[in-house]
file final13.cif (mmCIF, C-alpha atoms)
data_work
loop_
_atom_site.group_PDB
_atom_site.id
_atom_site.type_symbol
_atom_site.label_atom_id
_atom_site.label_comp_id
_atom_site.auth_asym_id
_atom_site.auth_seq_id
_atom_site.Cartn_x
_atom_site.Cartn_y
_atom_site.Cartn_z
ATOM 1 C CA MET A 447 -13.340 22.769 11.482
ATOM 2 C CA GLY A 448 -10.125 23.193 9.468
ATOM 3 C CA ILE A 449 -7.490 20.518 9.289
ATOM 4 C CA CYS A 450 -5.068 22.682 11.269
ATOM 5 C CA SER A 451 -7.233 22.442 14.381
ATOM 6 C CA SER A 452 -5.607 20.591 17.265
ATOM 7 C CA SER A 453 -8.859 18.831 18.151
ATOM 8 C CA LYS A 454 -9.634 15.372 16.819
ATOM 9 C CA PRO A 455 -12.782 13.270 16.756
ATOM 10 C CA PRO A 456 -12.951 10.574 19.406
ATOM 11 C CA VAL A 457 -11.473 7.219 18.489
ATOM 12 C CA PRO A 458 -14.335 4.763 17.966
ATOM 13 C CA SER A 459 -14.169 1.748 20.227
ATOM 14 C CA ASP A 460 -14.329 -1.834 18.960
ATOM 15 C CA MET A 461 -13.023 -1.075 15.476
ATOM 16 C CA LYS A 462 -12.075 -4.114 13.422
ATOM 17 C CA LEU A 463 -9.724 -4.102 10.433
ATOM 18 C CA HIS A 464 -10.482 -6.901 7.980
ATOM 19 C CA ILE A 465 -7.361 -7.735 5.964
ATOM 20 C CA LEU A 466 -5.763 -10.330 3.720
ATOM 21 C CA PRO A 467 -2.323 -11.078 5.224
ATOM 22 C CA PRO A 468 -0.270 -11.023 1.981
ATOM 23 C CA SER A 469 -2.209 -8.106 0.460
ATOM 24 C CA ALA A 470 -0.080 -5.033 -0.279
ATOM 25 C CA ASN A 471 -3.186 -2.878 0.048
ATOM 26 C CA SER A 472 -3.758 -4.242 3.544
ATOM 27 C CA HIS A 473 -0.175 -3.718 4.669
ATOM 28 C CA GLY A 474 -0.292 0.044 5.050
ATOM 29 C CA CYS A 475 -3.401 -0.161 7.205
ATOM 30 C CA ILE A 476 -1.870 -2.873 9.385
ATOM 31 C CA ALA A 477 1.318 -0.837 9.775
ATOM 32 C CA ILE A 478 -0.625 2.226 10.939
ATOM 33 C CA VAL A 479 -2.539 0.293 13.573
ATOM 34 C CA LYS A 480 0.651 -1.257 14.934
ATOM 35 C CA ASP A 481 2.924 1.757 14.638
ATOM 36 C CA LEU A 482 0.455 4.128 16.308
ATOM 37 C CA GLY A 483 -0.527 1.573 18.965
ATOM 38 C CA MET A 484 -4.210 1.740 18.069
ATOM 39 C CA ASP A 485 -6.759 -0.467 19.784
ATOM 40 C CA VAL A 486 -8.071 -2.015 16.568
ATOM 41 C CA GLU A 487 -8.708 -5.721 16.142
ATOM 42 C CA ILE A 488 -7.069 -7.141 13.012
ATOM 43 C CA GLU A 489 -9.177 -9.870 11.425
ATOM 44 C CA ASN A 490 -7.998 -12.248 8.695
ATOM 45 C CA ALA A 491 -10.752 -12.128 6.064
ATOM 46 C CA TYR A 492 -9.324 -14.836 3.809
ATOM 47 C CA GLY A 493 -12.215 -16.903 2.438
ATOM 48 C CA LYS A 494 -14.821 -14.632 4.023
ATOM 49 C CA THR A 495 -15.194 -11.708 1.624
ATOM 50 C CA ARG A 496 -18.001 -13.316 -0.396
ATOM 51 C CA THR A 497 -20.035 -14.387 2.604
ATOM 52 C CA GLU A 498 -23.438 -12.838 3.201
ATOM 53 C CA GLU A 499 -22.216 -11.250 6.430
ATOM 54 C CA PHE A 500 -19.207 -9.596 4.791
ATOM 55 C CA ILE A 501 -21.133 -8.347 1.758
ATOM 56 C CA LYS A 502 -23.725 -6.828 4.063
ATOM 57 C CA MET A 503 -20.915 -4.877 5.699
ATOM 58 C CA ASN A 504 -19.089 -4.093 2.437
ATOM 59 C CA PRO A 505 -21.035 -4.614 -0.809
ATOM 60 C CA CYS A 506 -17.799 -4.253 -2.780
ATOM 61 C CA HIS A 507 -16.428 -7.317 -0.896
ATOM 62 C CA VAL A 508 -12.827 -6.056 -0.890
ATOM 63 C CA CYS A 509 -10.025 -5.894 1.638
ATOM 64 C CA PRO A 510 -8.932 -4.010 3.548
ATOM 65 C CA THR A 511 -12.217 -3.030 5.158
ATOM 66 C CA LEU A 512 -12.427 -1.078 8.391
ATOM 67 C CA GLN A 513 -15.503 -1.945 10.423
ATOM 68 C CA ILE A 514 -16.113 1.082 12.623
ATOM 69 C CA ASP A 515 -19.195 -0.262 14.379
ATOM 70 C CA GLU A 516 -22.005 -2.720 13.713
ATOM 71 C CA THR A 517 -23.559 -0.549 11.010
ATOM 72 C CA THR A 518 -20.638 1.433 9.573
ATOM 73 C CA ALA A 519 -17.638 0.396 7.504
ATOM 74 C CA ILE A 520 -15.260 1.984 5.035
ATOM 75 C CA TRP A 521 -13.025 0.384 2.450
ATOM 76 C CA GLU A 522 -10.275 1.340 -0.030
ATOM 77 C CA SER A 523 -6.842 1.431 1.566
ATOM 78 C CA GLY A 524 -6.219 5.142 1.069
ATOM 79 C CA ALA A 525 -9.469 6.091 2.753
ATOM 80 C CA ILE A 526 -8.785 3.733 5.660
ATOM 81 C CA MET A 527 -5.235 5.008 6.179
ATOM 82 C CA ARG A 528 -6.435 8.610 6.227
ATOM 83 C CA TYR A 529 -9.266 7.809 8.622
ATOM 84 C CA LEU A 530 -7.056 5.913 11.063
ATOM 85 C CA CYS A 531 -4.569 8.776 11.180
ATOM 86 C CA ASN A 532 -7.344 11.343 11.519
ATOM 87 C CA VAL A 533 -8.795 9.691 14.626
ATOM 88 C CA ALA A 534 -5.561 8.482 16.270
ATOM 89 C CA PRO A 535 -4.202 10.969 18.816
ATOM 90 C CA ASN A 536 -0.723 10.556 17.315
ATOM 91 C CA GLY A 537 -1.863 10.186 13.711
ATOM 92 C CA ASP A 538 0.006 13.335 12.688
ATOM 93 C CA LYS A 539 3.161 11.217 12.777
ATOM 94 C CA LEU A 540 2.131 9.497 9.552
ATOM 95 C CA TYR A 541 -0.318 12.028 8.059
ATOM 96 C CA PRO A 542 0.790 15.615 8.756
ATOM 97 C CA ARG A 543 -1.711 18.294 9.714
ATOM 98 C CA ASP A 544 0.091 21.100 7.865
ATOM 99 C CA PRO A 545 -2.061 21.841 4.776
ATOM 100 C CA LEU A 546 0.786 21.789 2.242
ATOM 101 C CA LYS A 547 2.463 18.692 3.672
ATOM 102 C CA ARG A 548 -0.876 16.904 3.779
ATOM 103 C CA ALA A 549 -1.697 17.925 0.218
ATOM 104 C CA ARG A 550 1.600 16.454 -0.953
ATOM 105 C CA VAL A 551 0.882 13.190 0.837
ATOM 106 C CA ASP A 552 -2.563 13.110 -0.808
ATOM 107 C CA MET A 553 -1.001 13.909 -4.180
ATOM 108 C CA VAL A 554 1.402 10.971 -3.915
ATOM 109 C CA LEU A 555 -1.425 8.684 -2.777
ATOM 110 C CA ASP A 556 -3.444 9.660 -5.859
ATOM 111 C CA TRP A 557 -0.410 9.127 -8.103
ATOM 112 C CA ARG A 558 0.109 5.688 -6.618
ATOM 113 C CA GLN A 559 -3.489 4.720 -7.393
ATOM 114 C CA THR A 560 -3.692 6.155 -10.894
ATOM 115 C CA ALA A 561 -0.156 5.783 -12.280
ATOM 116 C CA LEU A 562 2.068 3.381 -10.350
ATOM 117 C CA TYR A 563 -0.231 0.609 -9.160
ATOM 118 C CA PRO A 564 -1.998 -0.069 -12.504
ATOM 119 C CA CYS A 565 1.378 -1.216 -13.838
ATOM 120 C CA LEU A 566 1.763 -3.951 -11.226
ATOM 121 C CA PRO A 567 -1.047 -6.526 -11.732
ATOM 122 C CA SER A 568 0.221 -7.850 -15.061
ATOM 123 C CA ILE A 569 3.702 -8.133 -13.563
ATOM 124 C CA GLY A 570 2.857 -9.765 -10.249
ATOM 125 C CA TYR A 571 -0.726 -10.937 -9.873
ATOM 126 C CA GLY A 572 0.249 -14.359 -11.160
ATOM 127 C CA ILE A 573 1.209 -15.142 -7.566
ATOM 128 C CA PHE A 574 -2.528 -15.095 -6.753
ATOM 129 C CA GLY A 575 -3.401 -17.441 -9.606
ATOM 130 C CA VAL A 576 -4.629 -14.608 -11.816
ATOM 131 C CA PRO A 577 -3.839 -15.073 -15.527
ATOM 132 C CA VAL A 578 -1.102 -12.649 -16.560
ATOM 133 C CA ASP A 579 0.346 -11.782 -19.952
ATOM 134 C CA THR A 580 4.121 -11.475 -20.231
ATOM 135 C CA ASP A 581 4.010 -9.052 -23.160
ATOM 136 C CA GLU A 582 1.683 -6.769 -21.213
ATOM 137 C CA ALA A 583 3.943 -7.099 -18.180
ATOM 138 C CA LYS A 584 6.882 -5.921 -20.292
ATOM 139 C CA GLU A 585 4.912 -2.905 -21.519
ATOM 140 C CA LYS A 586 3.908 -1.974 -17.970
ATOM 141 C CA PHE A 587 7.443 -2.383 -16.692
ATOM 142 C CA LYS A 588 8.685 -0.129 -19.488
ATOM 143 C CA ALA A 589 6.255 2.534 -18.260
ATOM 144 C CA LEU A 590 7.612 2.111 -14.744
ATOM 145 C CA GLN A 591 11.183 2.460 -15.970
ATOM 146 C CA GLU A 592 10.679 5.344 -18.360
ATOM 147 C CA GLU A 593 8.231 7.434 -16.343
ATOM 148 C CA HIS A 594 6.960 6.381 -12.934
ATOM 149 C CA PHE A 595 10.213 5.429 -11.205
ATOM 150 C CA LYS A 596 11.705 8.736 -12.368
ATOM 151 C CA ILE A 597 8.797 10.648 -10.840
ATOM 152 C CA LEU A 598 9.316 8.746 -7.596
ATOM 153 C CA THR A 599 13.071 9.258 -7.321
ATOM 154 C CA ASP A 600 13.596 12.583 -9.096
ATOM 155 C CA VAL A 601 10.535 14.409 -7.770
ATOM 156 C CA TYR A 602 9.036 12.854 -4.635
ATOM 157 C CA LEU A 603 12.393 11.714 -3.219
ATOM 158 C CA LYS A 604 14.541 14.477 -4.662
ATOM 159 C CA ASP A 605 15.464 16.095 -1.343
ATOM 160 C CA THR A 606 14.130 13.666 1.259
ATOM 161 C CA LYS A 607 14.459 10.023 2.331
ATOM 162 C CA PHE A 608 10.721 9.472 2.001
ATOM 163 C CA CYS A 609 8.118 11.109 -0.240
ATOM 164 C CA TYR A 610 8.411 14.833 0.509
ATOM 165 C CA SER A 611 9.358 13.908 4.082
ATOM 166 C CA ASP A 612 12.298 12.956 6.255
ATOM 167 C CA THR A 613 10.061 10.448 8.045
ATOM 168 C CA PRO A 614 7.664 7.915 6.489
ATOM 169 C CA THR A 615 4.023 8.768 5.886
ATOM 170 C CA ILE A 616 0.998 6.927 4.610
ATOM 171 C CA ALA A 617 2.121 7.833 1.086
ATOM 172 C CA ASP A 618 5.189 5.634 1.520
ATOM 173 C CA LEU A 619 3.089 2.874 3.066
ATOM 174 C CA SER A 620 0.950 2.855 -0.062
ATOM 175 C CA ILE A 621 3.936 2.473 -2.390
ATOM 176 C CA ALA A 622 6.639 0.326 -0.814
ATOM 177 C CA PRO A 623 4.715 -2.900 -0.051
ATOM 178 C CA ALA A 624 3.252 -2.963 -3.570
ATOM 179 C CA LEU A 625 6.710 -2.935 -5.143
ATOM 180 C CA ASN A 626 7.106 -6.522 -3.932
ATOM 181 C CA PHE A 627 4.912 -7.625 -6.852
ATOM 182 C CA ILE A 628 7.776 -6.874 -9.229
ATOM 183 C CA LYS A 629 9.850 -9.569 -7.512
ATOM 184 C CA ALA A 630 7.597 -12.204 -9.105
ATOM 185 C CA ARG A 631 9.640 -11.654 -12.267
ATOM 186 C CA LYS A 632 13.247 -11.956 -11.172
ATOM 187 C CA LYS A 633 14.875 -10.175 -14.089
ATOM 188 C CA PHE A 634 12.376 -7.330 -13.853
ATOM 189 C CA TRP A 635 13.381 -6.756 -10.235
ATOM 190 C CA GLU A 636 17.061 -6.887 -11.170
ATOM 191 C CA ALA A 637 16.381 -4.019 -13.583
ATOM 192 C CA VAL A 638 14.652 -1.824 -10.989
ATOM 193 C CA PRO A 639 16.820 1.229 -10.207
ATOM 194 C CA GLN A 640 18.846 0.835 -7.034
ATOM 195 C CA ALA A 641 17.378 4.086 -5.687
ATOM 196 C CA VAL A 642 13.913 2.524 -5.828
ATOM 197 C CA LYS A 643 15.106 -0.657 -4.122
ATOM 198 C CA ASP A 644 16.816 1.361 -1.385
ATOM 199 C CA TYR A 645 13.677 3.435 -0.872
ATOM 200 C CA GLN A 646 11.516 0.346 -0.507
ATOM 201 C CA ALA A 647 13.917 -1.120 2.035
ATOM 202 C CA ARG A 648 13.893 2.113 4.082
ATOM 203 C CA VAL A 649 10.115 2.181 4.243
ATOM 204 C CA LEU A 650 9.627 -1.464 5.165
ATOM 205 C CA GLU A 651 12.384 -1.342 7.790
ATOM 206 C CA ALA A 652 10.642 1.634 9.418
ATOM 207 C CA PHE A 653 7.669 -0.592 10.328
ATOM 208 C CA PRO A 654 9.107 -3.721 11.978
ATOM 209 C CA GLY A 655 5.727 -4.617 13.489
ATOM 210 C CA THR A 656 4.428 -5.433 10.012
ATOM 211 C CA LYS A 657 7.475 -7.397 8.844
ATOM 212 C CA GLU A 658 5.580 -10.699 8.886
ATOM 213 C CA ASN A 659 3.084 -9.356 6.368
ATOM 214 C CA PHE A 660 5.690 -7.692 4.166
ATOM 215 C CA ASP A 661 7.671 -10.933 4.125
ATOM 216 C CA ALA A 662 4.597 -12.993 3.245
ATOM 217 C CA LEU A 663 4.025 -11.076 0.021
ATOM 218 C CA GLU A 664 7.717 -11.004 -0.828
ATOM 219 C CA GLY A 665 7.941 -14.762 -0.287
ATOM 220 C CA MET A 666 4.965 -15.405 -2.553
ATOM 221 C CA ALA A 667 6.506 -13.206 -5.239
ATOM 222 C CA THR A 668 10.035 -14.613 -5.140
ATOM 223 C CA GLY A 669 8.662 -18.144 -4.968
ATOM 224 C CA TRP A 670 6.370 -17.817 -7.984
ATOM 225 C CA ASP A 671 7.367 -20.200 -10.767
ATOM 226 C CA GLY A 672 4.639 -19.410 -13.264
ATOM 227 C CA GLU A 673 5.110 -18.811 -16.966
ATOM 228 C CA GLY A 674 7.175 -15.689 -17.547
ATOM 229 C CA ASN A 675 8.754 -15.573 -14.113
ATOM 230 C CA ASP A 676 12.208 -15.550 -15.727
ATOM 231 C CA ALA A 677 11.319 -13.349 -18.684
ATOM 232 C CA GLU A 678 13.552 -10.469 -19.668
ATOM 233 C CA PRO A 679 11.927 -7.070 -19.041
#
call {"tool": "encode", "arguments": {"input": "final13.cif", "output": "structure tokens"}}
result
Amino acid sequence: MGICSSSKPPVPSDMKLHILPPSANSHGCIAIVKDLGMDVEIENAYGKTRTEEFIKMNPCHVCPTLQIDETTAIWESGAIMRYLCNVAPNGDKLYPRDPLKRARVDMVLDWRQTALYPCLPSIGYGIFGVPVDTDEAKEKFKALQEEHFKILTDVYLKDTKFCYSDTPTIADLSIAPALNFIKARKKFWEAVPQAVKDYQARVLEAFPGTKENFDALEGMATGWDGEGNDAEP
């Protein structure tokens, strides 16, 4: 059945979303559950992802993971966000059914995964105790400044407040929380274009039910005092 059909599959009962509270990749999934009022249990998986039980459910032992029933689970944030919106009666609010609008959301999601997000670990993963290299962080930030931020503001946000939309979608939920990683390096964040900062604020403010999680990651980033936290970009 085509995506323009008004019918939707039934919402599975007893779904459980396994998340890490400060994880940017978990935040979009949490926001969907709360914003759409879905009956999905949210489970803190901190310290559990390498257990035998978790690996049996998800051999890739990553979060977020959506446990649909006792034998079925999916992972990767983009897949989970799409699935939640596909089964929620009001999921069209965040993932439009119109083929072109949906394709644009999918396009931005793919861009986030392949272009934007790979620039962030060397800048901000130090907050998780991961070794990071300041010279690499500078190179990645240069790519953000010279290419990726321009694509975001001059293409995806050219005529709309959110990516190709006047209201937020799952594309925005994939981007905005992750930008908090840049705040781990104070002078890098100061150099982020104001249009990008304003966009992030718009997205996060649109999902007040997830503020606690957004703030947790931001607090970890702004509080990081590791080597290179005050480096010039």
call {"tool": "residues_around", "arguments": {"input": "final13.cif", "residues": "Pro458 (chain A)", "least_positions_apart": "2", "cutoff": "9 Å", "atoms": "all atoms listed in the file", "output": "count of residues only"}}
result
7
call {"tool": "resolve_selection", "arguments": {"input": "final13.cif", "expression": "the PyMOL selection byres ((chain A and resi 538) around 12)", "output": "PyMOL selection string"}}
result
chain A and resi 449-454+478+482+527-537+539-545+547-548+551+613-616
call {"tool": "resolve_selection", "arguments": {"input": "final13.cif", "expression": "the PyMOL selection byres ((chain A and resi 477) around 12)", "output": "PyMOL selection string"}}
result
chain A and resi 463+465+467+470-476+478-484+486+488+523+526-527+530-531+540+614-616+618-620+622-623+649-660
call {"tool": "atom_distance", "arguments": {"input": "final13.cif", "atom1": "CA of Met503 (chain A)", "atom2": "CA of Ala519 (chain A)"}}
result
6.5 Å
call {"tool": "atom_distance", "arguments": {"input": "final13.cif", "atom1": "CA of Thr580 (chain A)", "atom2": "CA of Asp671 (chain A)"}}
result
13.3 Å
call {"tool": "resolve_selection", "arguments": {"input": "final13.cif", "expression": "the PyMOL selection byres ((chain A and resi 629) around 12)", "output": "PyMOL selection string"}}
result
chain A and resi 566+569-573+587+623-628+630-638+643+661+663-671+675-677+679
call {"tool": "residues_around", "arguments": {"input": "final13.cif", "residues": "Lys494 (chain A)", "least_positions_apart": "2", "cutoff": "12 Å", "atoms": "all atoms listed in the file", "output": "list in words"}}
result
His464, Ile465, Leu466, Glu489, Asn490, Ala491, Tyr492, Arg496, Thr497, Glu498, Glu499, Phe500, Ile501, Lys502, Met503, Asn504, His507, Val508, Cys509 and Thr511 of chain A
call {"tool": "write_last_selection", "arguments": {"input": "final13.cif", "atoms": "C-alpha atoms", "output": "PDB file, keeping the file's coordinate frame"}}
result
ATOM      1  CA  HIS A 464     -10.482  -6.901   7.980  1.00  0.00           C
ATOM      2  CA  ILE A 465      -7.361  -7.735   5.964  1.00  0.00           C
ATOM      3  CA  LEU A 466      -5.763 -10.330   3.720  1.00  0.00           C
ATOM      4  CA  GLU A 489      -9.177  -9.870  11.425  1.00  0.00           C
ATOM      5  CA  ASN A 490      -7.998 -12.248   8.695  1.00  0.00           C
ATOM      6  CA  ALA A 491     -10.752 -12.128   6.064  1.00  0.00           C
ATOM      7  CA  TYR A 492      -9.324 -14.836   3.809  1.00  0.00           C
ATOM      8  CA  ARG A 496     -18.001 -13.316  -0.396  1.00  0.00           C
ATOM      9  CA  THR A 497     -20.035 -14.387   2.604  1.00  0.00           C
ATOM     10  CA  GLU A 498     -23.438 -12.838   3.201  1.00  0.00           C
ATOM     11  CA  GLU A 499     -22.216 -11.250   6.430  1.00  0.00           C
ATOM     12  CA  PHE A 500     -19.207  -9.596   4.791  1.00  0.00           C
ATOM     13  CA  ILE A 501     -21.133  -8.347   1.758  1.00  0.00           C
ATOM     14  CA  LYS A 502     -23.725  -6.828   4.063  1.00  0.00           C
ATOM     15  CA  MET A 503     -20.915  -4.877   5.699  1.00  0.00           C
ATOM     16  CA  ASN A 504     -19.089  -4.093   2.437  1.00  0.00           C
ATOM     17  CA  HIS A 507     -16.428  -7.317  -0.896  1.00  0.00           C
ATOM     18  CA  VAL A 508     -12.827  -6.056  -0.890  1.00  0.00           C
ATOM     19  CA  CYS A 509     -10.025  -5.894   1.638  1.00  0.00           C
ATOM     20  CA  THR A 511     -12.217  -3.030   5.158  1.00  0.00           C
TER      21      THR A 511
END
call {"tool": "residues_around", "arguments": {"input": "final13.cif", "residues": "Glu582 (chain A)", "least_positions_apart": "6", "cutoff": "10 Å", "atoms": "only C-alpha atoms", "output": "PyMOL selection string"}}
result
chain A and resi 565+567-569+588
call {"tool": "axis_aligned_box", "arguments": {"input": "final13.cif", "around": "region 496-512 of chain A", "padding_each_side": "8 Å", "output": "AutoDock Vina command-line options"}}
result
--center_x -16.3 --center_y -7.7 --center_z 2.8 --size_x 30.8 --size_y 29.3 --size_z 27.2
call {"tool": "residues_around", "arguments": {"input": "final13.cif", "residues": "region 591-606 of chain A", "least_positions_apart": "3", "cutoff": "7 Å", "atoms": "all atoms listed in the file", "output": "list of chain:residue names"}}
result
A:Leu562, A:Phe587, A:Lys588, A:Cys609, A:Tyr610, A:Ser611, A:Asp612, A:Ala641, A:Val642
call {"tool": "closest_residue", "arguments": {"input": "final13.cif", "among": "A:Ala647, A:Val457, A:Ala583, A:Leu555", "to": "Glu678 (chain A)", "atoms": "only C-alpha atoms"}}
result
A:Ala583
call {"tool": "atom_distance", "arguments": {"input": "final13.cif", "atom1": "CA of Gly524 (chain A)", "atom2": "CA of Pro564 (chain A)"}}
result
15.1 Å
call {"tool": "closest_residue", "arguments": {"input": "final13.cif", "among": "A:Ile520, A:Leu512, A:Ala617, A:Val576", "to": "Ala549 (chain A)", "atoms": "all atoms listed in the file"}}
result
A:Ala617
call {"tool": "decode", "arguments": {"input": "final13.cif", "residues": "region 620-643 of chain A", "atoms": "N, CA and C atoms", "output": "PDB file, in the first residue's frame"}}
result
ATOM      1  N   SER A 620      16.658  15.170  14.437  1.00  0.00           N
ATOM      2  CA  SER A 620      17.925  14.468  14.261  1.00  0.00           C
ATOM      3  C   SER A 620      19.113  15.422  14.326  1.00  0.00           C
ATOM      4  N   ILE A 621      18.875  16.682  13.974  1.00  0.00           N
ATOM      5  CA  ILE A 621      19.964  17.658  13.872  1.00  0.00           C
ATOM      6  C   ILE A 621      20.180  18.451  15.153  1.00  0.00           C
ATOM      7  N   ALA A 622      19.121  19.087  15.645  1.00  0.00           N
ATOM      8  CA  ALA A 622      19.276  20.082  16.709  1.00  0.00           C
ATOM      9  C   ALA A 622      19.913  19.558  17.995  1.00  0.00           C
ATOM     10  N   PRO A 623      19.482  18.403  18.540  1.00  0.00           N
ATOM     11  CA  PRO A 623      20.122  17.942  19.775  1.00  0.00           C
ATOM     12  C   PRO A 623      21.614  17.694  19.608  1.00  0.00           C
ATOM     13  N   ALA A 624      22.012  17.188  18.433  1.00  0.00           N
ATOM     14  CA  ALA A 624      23.421  16.849  18.209  1.00  0.00           C
ATOM     15  C   ALA A 624      24.316  18.079  18.172  1.00  0.00           C
ATOM     16  N   LEU A 625      23.760  19.228  17.848  1.00  0.00           N
ATOM     17  CA  LEU A 625      24.570  20.449  17.812  1.00  0.00           C
ATOM     18  C   LEU A 625      25.105  20.818  19.188  1.00  0.00           C
ATOM     19  N   ASN A 626      24.505  20.268  20.242  1.00  0.00           N
ATOM     20  CA  ASN A 626      25.000  20.551  21.592  1.00  0.00           C
ATOM     21  C   ASN A 626      26.432  20.069  21.798  1.00  0.00           C
ATOM     22  N   PHE A 627      26.876  19.104  21.009  1.00  0.00           N
ATOM     23  CA  PHE A 627      28.262  18.621  21.156  1.00  0.00           C
ATOM     24  C   PHE A 627      29.264  19.750  20.914  1.00  0.00           C
ATOM     25  N   ILE A 628      28.929  20.672  20.035  1.00  0.00           N
ATOM     26  CA  ILE A 628      29.865  21.747  19.715  1.00  0.00           C
ATOM     27  C   ILE A 628      30.128  22.627  20.936  1.00  0.00           C
ATOM     28  N   LYS A 629      29.192  22.663  21.870  1.00  0.00           N
ATOM     29  CA  LYS A 629      29.332  23.506  23.051  1.00  0.00           C
ATOM     30  C   LYS A 629      30.416  23.008  23.996  1.00  0.00           C
ATOM     31  N   ALA A 630      30.950  21.807  23.742  1.00  0.00           N
ATOM     32  CA  ALA A 630      32.066  21.310  24.554  1.00  0.00           C
ATOM     33  C   ALA A 630      33.313  22.163  24.342  1.00  0.00           C
ATOM     34  N   ARG A 631      33.392  22.808  23.195  1.00  0.00           N
ATOM     35  CA  ARG A 631      34.523  23.692  22.889  1.00  0.00           C
ATOM     36  C   ARG A 631      33.957  25.106  22.753  1.00  0.00           C
ATOM     37  N   LYS A 632      34.108  25.877  23.790  1.00  0.00           N
ATOM     38  CA  LYS A 632      33.404  27.148  23.938  1.00  0.00           C
ATOM     39  C   LYS A 632      33.612  28.105  22.764  1.00  0.00           C
ATOM     40  N   LYS A 633      34.854  28.204  22.308  1.00  0.00           N
ATOM     41  CA  LYS A 633      35.138  29.149  21.232  1.00  0.00           C
ATOM     42  C   LYS A 633      34.634  28.636  19.888  1.00  0.00           C
ATOM     43  N   PHE A 634      34.497  27.326  19.765  1.00  0.00           N
ATOM     44  CA  PHE A 634      33.882  26.773  18.555  1.00  0.00           C
ATOM     45  C   PHE A 634      32.420  27.223  18.505  1.00  0.00           C
ATOM     46  N   TRP A 635      31.725  27.066  19.645  1.00  0.00           N
ATOM     47  CA  TRP A 635      30.308  27.425  19.663  1.00  0.00           C
ATOM     48  C   TRP A 635      30.119  28.921  19.411  1.00  0.00           C
ATOM     49  N   GLU A 636      31.026  29.730  19.945  1.00  0.00           N
ATOM     50  CA  GLU A 636      30.935  31.173  19.700  1.00  0.00           C
ATOM     51  C   GLU A 636      31.010  31.483  18.210  1.00  0.00           C
ATOM     52  N   ALA A 637      31.725  30.646  17.464  1.00  0.00           N
ATOM     53  CA  ALA A 637      31.917  30.879  16.031  1.00  0.00           C
ATOM     54  C   ALA A 637      30.803  30.286  15.171  1.00  0.00           C
ATOM     55  N   VAL A 638      29.887  29.550  15.767  1.00  0.00           N
ATOM     56  CA  VAL A 638      28.765  28.994  15.009  1.00  0.00           C
ATOM     57  C   VAL A 638      27.879  30.143  14.534  1.00  0.00           C
ATOM     58  N   PRO A 639      27.449  30.128  13.273  1.00  0.00           N
ATOM     59  CA  PRO A 639      26.585  31.209  12.777  1.00  0.00           C
ATOM     60  C   PRO A 639      25.332  31.366  13.628  1.00  0.00           C
ATOM     61  N   GLN A 640      24.920  32.612  13.825  1.00  0.00           N
ATOM     62  CA  GLN A 640      23.754  32.876  14.656  1.00  0.00           C
ATOM     63  C   GLN A 640      22.509  32.206  14.100  1.00  0.00           C
ATOM     64  N   ALA A 641      22.413  32.088  12.784  1.00  0.00           N
ATOM     65  CA  ALA A 641      21.248  31.429  12.173  1.00  0.00           C
ATOM     66  C   ALA A 641      21.148  29.970  12.595  1.00  0.00           C
ATOM     67  N   VAL A 642      22.290  29.323  12.772  1.00  0.00           N
ATOM     68  CA  VAL A 642      22.302  27.928  13.223  1.00  0.00           C
ATOM     69  C   VAL A 642      21.901  27.857  14.689  1.00  0.00           C
ATOM     70  N   LYS A 643      22.420  28.760  15.499  1.00  0.00           N
ATOM     71  CA  LYS A 643      22.053  28.791  16.916  1.00  0.00           C
ATOM     72  C   LYS A 643      20.560  29.055  17.086  1.00  0.00           C
TER      73      LYS A 643
END
